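Here the structure is laid out as structure tokens; the discussion comes afterwards.
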Amino acid sequence: LFNEMKSDQFKAIEYYKQAYLSLLDIRLYATNILEVKVIASILNYKLCKLYFEIKHPIDAIDQFRRHIDIFK
């Protein structure tokens with residue numbers, strides 16, 4: 001969020017990707033699946049938005065499709 005506020009989109013994308021990938025490593029249980037999906041959706045939104053801001057729509061669409069495949 002700090003890099004996003006500084007308008008350093010590339011660094012923000014890097015950190016949001018790290019957070020998203022770390023979230024995928026969490027073991028899903030019936031008690032935490034909703035929380036993981038909500039956080040993943042927020043990170044996905046941030047990543048897609050930043051990709052569109054830096055004019056990389058293909059990366060945004062790929063990110064969205066991966067997210068849907070993982071959390072459908």
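Each chain in the structure tokens gets a letter, A, B and so on, in the order shown; residues start at 1 in every chain, and ligands are counted from 1 in the order they appear.
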
For Ile39 of chain A: contacts at 12 Å, only C-alpha atoms, fewer than 2 positions along chain excluded, given as a PDB file with N, CA, C and O atoms, in the first residue's frame:
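The resulting file, part.pdb, is shown below:
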```pdb
ATOM      1  N   TYR A  16       2.354  -6.991  -3.871  1.00  0.00           N
ATOM      2  CA  TYR A  16       1.029  -7.613  -3.911  1.00  0.00           C
ATOM      3  C   TYR A  16       1.124  -9.037  -4.448  1.00  0.00           C
ATOM      4  O   TYR A  16       0.419  -9.928  -3.991  1.00  0.00           O
ATOM      5  N   ALA A  19       2.388 -11.222  -1.638  1.00  0.00           N
ATOM      6  CA  ALA A  19       1.313 -11.473  -0.686  1.00  0.00           C
ATOM      7  C   ALA A  19       0.331 -12.498  -1.237  1.00  0.00           C
ATOM      8  O   ALA A  19      -0.115 -13.398  -0.519  1.00  0.00           O
ATOM      9  N   TYR A  20      -0.008 -12.377  -2.511  1.00  0.00           N
ATOM     10  CA  TYR A  20      -0.951 -13.303  -3.134  1.00  0.00           C
ATOM     11  C   TYR A  20      -0.386 -14.723  -3.145  1.00  0.00           C
ATOM     12  O   TYR A  20      -1.070 -15.683  -2.804  1.00  0.00           O
ATOM     13  N   LEU A  21       0.882 -14.857  -3.525  1.00  0.00           N
ATOM     14  CA  LEU A  21       1.494 -16.185  -3.563  1.00  0.00           C
ATOM     15  C   LEU A  21       1.632 -16.775  -2.166  1.00  0.00           C
ATOM     16  O   LEU A  21       1.472 -17.984  -1.978  1.00  0.00           O
ATOM     17  N   SER A  22       1.925 -15.949  -1.182  1.00  0.00           N
ATOM     18  CA  SER A  22       1.996 -16.427   0.199  1.00  0.00           C
ATOM     19  C   SER A  22       0.634 -16.903   0.671  1.00  0.00           C
ATOM     20  O   SER A  22       0.531 -17.886   1.419  1.00  0.00           O
ATOM     21  N   LEU A  23      -0.395 -16.230   0.251  1.00  0.00           N
ATOM     22  CA  LEU A  23      -1.754 -16.613   0.623  1.00  0.00           C
ATOM     23  C   LEU A  23      -2.108 -17.982   0.045  1.00  0.00           C
ATOM     24  O   LEU A  23      -2.831 -18.757   0.673  1.00  0.00           O
ATOM     25  N   LEU A  24      -1.591 -18.289  -1.132  1.00  0.00           N
ATOM     26  CA  LEU A  24      -1.874 -19.591  -1.746  1.00  0.00           C
ATOM     27  C   LEU A  24      -1.219 -20.735  -0.994  1.00  0.00           C
ATOM     28  O   LEU A  24      -1.638 -21.892  -1.123  1.00  0.00           O
ATOM     29  N   ILE A  26      -1.234 -21.039   2.234  1.00  0.00           N
ATOM     30  CA  ILE A  26      -1.983 -21.308   3.453  1.00  0.00           C
ATOM     31  C   ILE A  26      -2.878 -22.520   3.243  1.00  0.00           C
ATOM     32  O   ILE A  26      -3.552 -22.642   2.222  1.00  0.00           O
ATOM     33  N   ASN A  32     -11.437 -21.358   7.717  1.00  0.00           N
ATOM     34  CA  ASN A  32     -10.728 -20.164   7.238  1.00  0.00           C
ATOM     35  C   ASN A  32     -10.875 -19.905   5.739  1.00  0.00           C
ATOM     36  O   ASN A  32     -10.299 -18.952   5.230  1.00  0.00           O
ATOM     37  N   ILE A  33     -11.628 -20.723   5.054  1.00  0.00           N
ATOM     38  CA  ILE A  33     -11.684 -20.586   3.596  1.00  0.00           C
ATOM     39  C   ILE A  33     -12.295 -19.253   3.164  1.00  0.00           C
ATOM     40  O   ILE A  33     -11.836 -18.637   2.200  1.00  0.00           O
ATOM     41  N   LEU A  34     -13.283 -18.776   3.878  1.00  0.00           N
ATOM     42  CA  LEU A  34     -13.915 -17.516   3.513  1.00  0.00           C
ATOM     43  C   LEU A  34     -12.940 -16.352   3.661  1.00  0.00           C
ATOM     44  O   LEU A  34     -12.854 -15.497   2.781  1.00  0.00           O
ATOM     45  N   GLU A  35     -12.178 -16.328   4.760  1.00  0.00           N
ATOM     46  CA  GLU A  35     -11.217 -15.258   4.975  1.00  0.00           C
ATOM     47  C   GLU A  35     -10.133 -15.257   3.905  1.00  0.00           C
ATOM     48  O   GLU A  35      -9.744 -14.209   3.393  1.00  0.00           O
ATOM     49  N   VAL A  36      -9.653 -16.436   3.538  1.00  0.00           N
ATOM     50  CA  VAL A  36      -8.613 -16.538   2.509  1.00  0.00           C
ATOM     51  C   VAL A  36      -9.153 -16.057   1.169  1.00  0.00           C
ATOM     52  O   VAL A  36      -8.478 -15.314   0.445  1.00  0.00           O
ATOM     53  N   LYS A  37     -10.381 -16.428   0.839  1.00  0.00           N
ATOM     54  CA  LYS A  37     -10.981 -15.989  -0.426  1.00  0.00           C
ATOM     55  C   LYS A  37     -11.167 -14.478  -0.469  1.00  0.00           C
ATOM     56  O   LYS A  37     -10.949 -13.850  -1.505  1.00  0.00           O
ATOM     57  N   SER A  41      -9.248 -12.057  -3.031  1.00  0.00           N
ATOM     58  CA  SER A  41     -10.020 -11.208  -3.945  1.00  0.00           C
ATOM     59  C   SER A  41      -9.563  -9.760  -3.879  1.00  0.00           C
ATOM     60  O   SER A  41      -9.470  -9.081  -4.902  1.00  0.00           O
ATOM     61  N   ILE A  42      -9.258  -9.287  -2.682  1.00  0.00           N
ATOM     62  CA  ILE A  42      -8.761  -7.915  -2.534  1.00  0.00           C
ATOM     63  C   ILE A  42      -7.401  -7.763  -3.214  1.00  0.00           C
ATOM     64  O   ILE A  42      -7.173  -6.796  -3.951  1.00  0.00           O
ATOM     65  N   LEU A  43      -6.511  -8.721  -2.984  1.00  0.00           N
ATOM     66  CA  LEU A  43      -5.192  -8.669  -3.620  1.00  0.00           C
ATOM     67  C   LEU A  43      -5.320  -8.778  -5.137  1.00  0.00           C
ATOM     68  O   LEU A  43      -4.607  -8.083  -5.872  1.00  0.00           O
ATOM     69  N   ASN A  44      -6.216  -9.627  -5.603  1.00  0.00           N
ATOM     70  CA  ASN A  44      -6.445  -9.764  -7.033  1.00  0.00           C
ATOM     71  C   ASN A  44      -6.927  -8.450  -7.636  1.00  0.00           C
ATOM     72  O   ASN A  44      -6.453  -8.029  -8.698  1.00  0.00           O
ATOM     73  N   TYR A  45      -7.859  -7.793  -6.965  1.00  0.00           N
ATOM     74  CA  TYR A  45      -8.365  -6.504  -7.446  1.00  0.00           C
ATOM     75  C   TYR A  45      -7.233  -5.483  -7.539  1.00  0.00           C
ATOM     76  O   TYR A  45      -7.109  -4.772  -8.545  1.00  0.00           O
ATOM     77  N   LYS A  46      -6.416  -5.411  -6.486  1.00  0.00           N
ATOM     78  CA  LYS A  46      -5.308  -4.455  -6.474  1.00  0.00           C
ATOM     79  C   LYS A  46      -4.330  -4.739  -7.612  1.00  0.00           C
ATOM     80  O   LYS A  46      -3.873  -3.823  -8.296  1.00  0.00           O
ATOM     81  N   HIS A  67      -6.801 -16.256 -10.879  1.00  0.00           N
ATOM     82  CA  HIS A  67      -7.540 -16.118  -9.620  1.00  0.00           C
ATOM     83  C   HIS A  67      -8.858 -16.902  -9.695  1.00  0.00           C
ATOM     84  O   HIS A  67      -9.203 -17.631  -8.752  1.00  0.00           O
ATOM     85  N   PHE A  71      -9.814 -20.026  -7.218  1.00  0.00           N
ATOM     86  CA  PHE A  71     -10.833 -19.823  -6.190  1.00  0.00           C
ATOM     87  C   PHE A  71     -12.271 -19.936  -6.705  1.00  0.00           C
ATOM     88  O   PHE A  71     -13.166 -19.325  -6.149  1.00  0.00           O
TER      89      PHE A  71
END
```

> Hey, what does DSSP flag as alpha helix (DSSP H) within chain A? Can you give it to me as a ChimeraX atom specification?
Replying inline: /A:2-5,9-24,33-53,57-70

Kindly give the distance, in Å, that separates atom CA of Tyr29 of chain A and atom CA of Lys49 of chain A, rounded to a single decimal.
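Distance reported for this atom pair: 29.2 Å.
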
Identify, on the basis of only C-alpha atoms, every residue whose closest approach to Phe10 of chain A does not exceed 12 Å; exclude the query and any residue fewer than 2 positions from it along the same chain; express the result as a list in words.
Leu1, Asn3, Glu4, Met5, Lys6, Ser7, Asp8, Ala12, Ile13, Glu14, Tyr15, Tyr16, Lys17, Leu47, Leu50, Tyr51, Phe52, Glu53, Ile54, Lys55 and His56 of chain A

Got time to write the residues from that selection, N, CA, C and O atoms, as a JSON list (two decimals), in the first residue's frame?
```json
[["chain", "number", "residue", "atom", "x", "y", "z"],
["A", 1, "LEU", "N", 0.83, -1.18, 0.00],
["A", 1, "LEU", "CA", 0.00, 0.00, 0.00],
["A", 1, "LEU", "C", 0.87, 1.25, 0.00],
["A", 1, "LEU", "O", 0.55, 2.22, -0.66],
["A", 3, "ASN", "N", 3.88, 1.69, -1.30],
["A", 3, "ASN", "CA", 4.42, 1.93, -2.65],
["A", 3, "ASN", "C", 3.34, 2.41, -3.60],
["A", 3, "ASN", "O", 3.60, 3.21, -4.48],
["A", 4, "GLU", "N", 2.14, 1.93, -3.40],
["A", 4, "GLU", "CA", 1.02, 2.39, -4.23],
["A", 4, "GLU", "C", 0.75, 3.87, -3.97],
["A", 4, "GLU", "O", 0.48, 4.63, -4.88],
["A", 5, "MET", "N", 0.85, 4.27, -2.72],
["A", 5, "MET", "CA", 0.63, 5.67, -2.37],
["A", 5, "MET", "C", 1.75, 6.56, -2.90],
["A", 5, "MET", "O", 1.53, 7.73, -3.22],
["A", 6, "LYS", "N", 2.95, 6.00, -3.01],
["A", 6, "LYS", "CA", 4.09, 6.75, -3.55],
["A", 6, "LYS", "C", 4.08, 6.75, -5.08],
["A", 6, "LYS", "O", 4.98, 7.29, -5.69],
["A", 7, "SER", "N", 3.09, 6.13, -5.67],
["A", 7, "SER", "CA", 2.96, 6.00, -7.13],
["A", 7, "SER", "C", 4.09, 5.17, -7.73],
["A", 7, "SER", "O", 4.52, 5.41, -8.85],
["A", 8, "ASP", "N", 4.57, 4.22, -6.98],
["A", 8, "ASP", "CA", 5.56, 3.26, -7.48],
["A", 8, "ASP", "C", 4.82, 1.96, -7.77],
["A", 8, "ASP", "O", 4.85, 1.01, -6.99],
["A", 12, "ALA", "N", 4.77, -1.88, -6.04],
["A", 12, "ALA", "CA", 3.51, -2.29, -5.42],
["A", 12, "ALA", "C", 3.05, -3.62, -6.00],
["A", 12, "ALA", "O", 2.61, -4.51, -5.26],
["A", 13, "ILE", "N", 3.17, -3.78, -7.31],
["A", 13, "ILE", "CA", 2.79, -5.05, -7.95],
["A", 13, "ILE", "C", 3.65, -6.18, -7.40],
["A", 13, "ILE", "O", 3.14, -7.27, -7.10],
["A", 14, "GLU", "N", 4.92, -5.93, -7.25],
["A", 14, "GLU", "CA", 5.83, -6.96, -6.73],
["A", 14, "GLU", "C", 5.39, -7.41, -5.33],
["A", 14, "GLU", "O", 5.32, -8.62, -5.05],
["A", 15, "TYR", "N", 5.06, -6.47, -4.46],
["A", 15, "TYR", "CA", 4.67, -6.82, -3.10],
["A", 15, "TYR", "C", 3.28, -7.46, -3.05],
["A", 15, "TYR", "O", 3.06, -8.40, -2.27],
["A", 16, "TYR", "N", 2.35, -6.99, -3.87],
["A", 16, "TYR", "CA", 1.03, -7.61, -3.91],
["A", 16, "TYR", "C", 1.12, -9.04, -4.45],
["A", 16, "TYR", "O", 0.42, -9.93, -3.99],
["A", 17, "LYS", "N", 2.00, -9.28, -5.43],
["A", 17, "LYS", "CA", 2.20, -10.63, -5.95],
["A", 17, "LYS", "C", 2.75, -11.55, -4.86],
["A", 17, "LYS", "O", 2.33, -12.69, -4.72],
["A", 47, "LEU", "N", -4.00, -6.02, -7.81],
["A", 47, "LEU", "CA", -3.07, -6.38, -8.89],
["A", 47, "LEU", "C", -3.64, -6.02, -10.26],
["A", 47, "LEU", "O", -2.95, -5.43, -11.09],
["A", 50, "LEU", "N", -3.61, -2.24, -10.80],
["A", 50, "LEU", "CA", -2.26, -1.72, -11.05],
["A", 50, "LEU", "C", -1.76, -2.11, -12.44],
["A", 50, "LEU", "O", -1.09, -1.31, -13.11],
["A", 51, "TYR", "N", -2.06, -3.33, -12.87],
["A", 51, "TYR", "CA", -1.66, -3.73, -14.22],
["A", 51, "TYR", "C", -2.31, -2.83, -15.27],
["A", 51, "TYR", "O", -1.67, -2.44, -16.24],
["A", 52, "PHE", "N", -3.58, -2.51, -15.08],
["A", 52, "PHE", "CA", -4.24, -1.60, -16.02],
["A", 52, "PHE", "C", -3.64, -0.20, -15.95],
["A", 52, "PHE", "O", -3.51, 0.48, -16.98],
["A", 53, "GLU", "N", -3.25, 0.25, -14.76],
["A", 53, "GLU", "CA", -2.64, 1.58, -14.62],
["A", 53, "GLU", "C", -1.32, 1.70, -15.36],
["A", 53, "GLU", "O", -1.00, 2.75, -15.89],
["A", 54, "ILE", "N", -0.55, 0.61, -15.37],
["A", 54, "ILE", "CA", 0.74, 0.66, -16.08],
["A", 54, "ILE", "C", 0.61, 0.18, -17.52],
["A", 54, "ILE", "O", 1.60, -0.07, -18.18],
["A", 55, "LYS", "N", -0.63, 0.05, -17.96],
["A", 55, "LYS", "CA", -0.94, -0.29, -19.35],
["A", 55, "LYS", "C", -0.44, -1.68, -19.75],
["A", 55, "LYS", "O", 0.16, -1.87, -20.81],
["A", 56, "HIS", "N", -0.70, -2.66, -18.88],
["A", 56, "HIS", "CA", -0.43, -4.07, -19.16],
["A", 56, "HIS", "C", -1.73, -4.87, -19.02],
["A", 56, "HIS", "O", -1.87, -5.68, -18.10]]
```

Exercise. Quick one, how far is atom CA of Val38 of chain A from atom CA of Asp25 of chain A?
Worked result: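 Computed distance, atom CA of Val38 of chain A to atom CA of Asp25 of chain A, equals 15.2 Å.
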
So, counting only C-alpha atoms, which residue among A:Lys72, A:Ile58, A:Cys48, A:Arg66 is closest to Gln9 of chain A?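 Between A:Lys72, A:Ile58, A:Cys48, A:Arg66, the residue approaching Gln9 of chain A most closely is A:Cys48.
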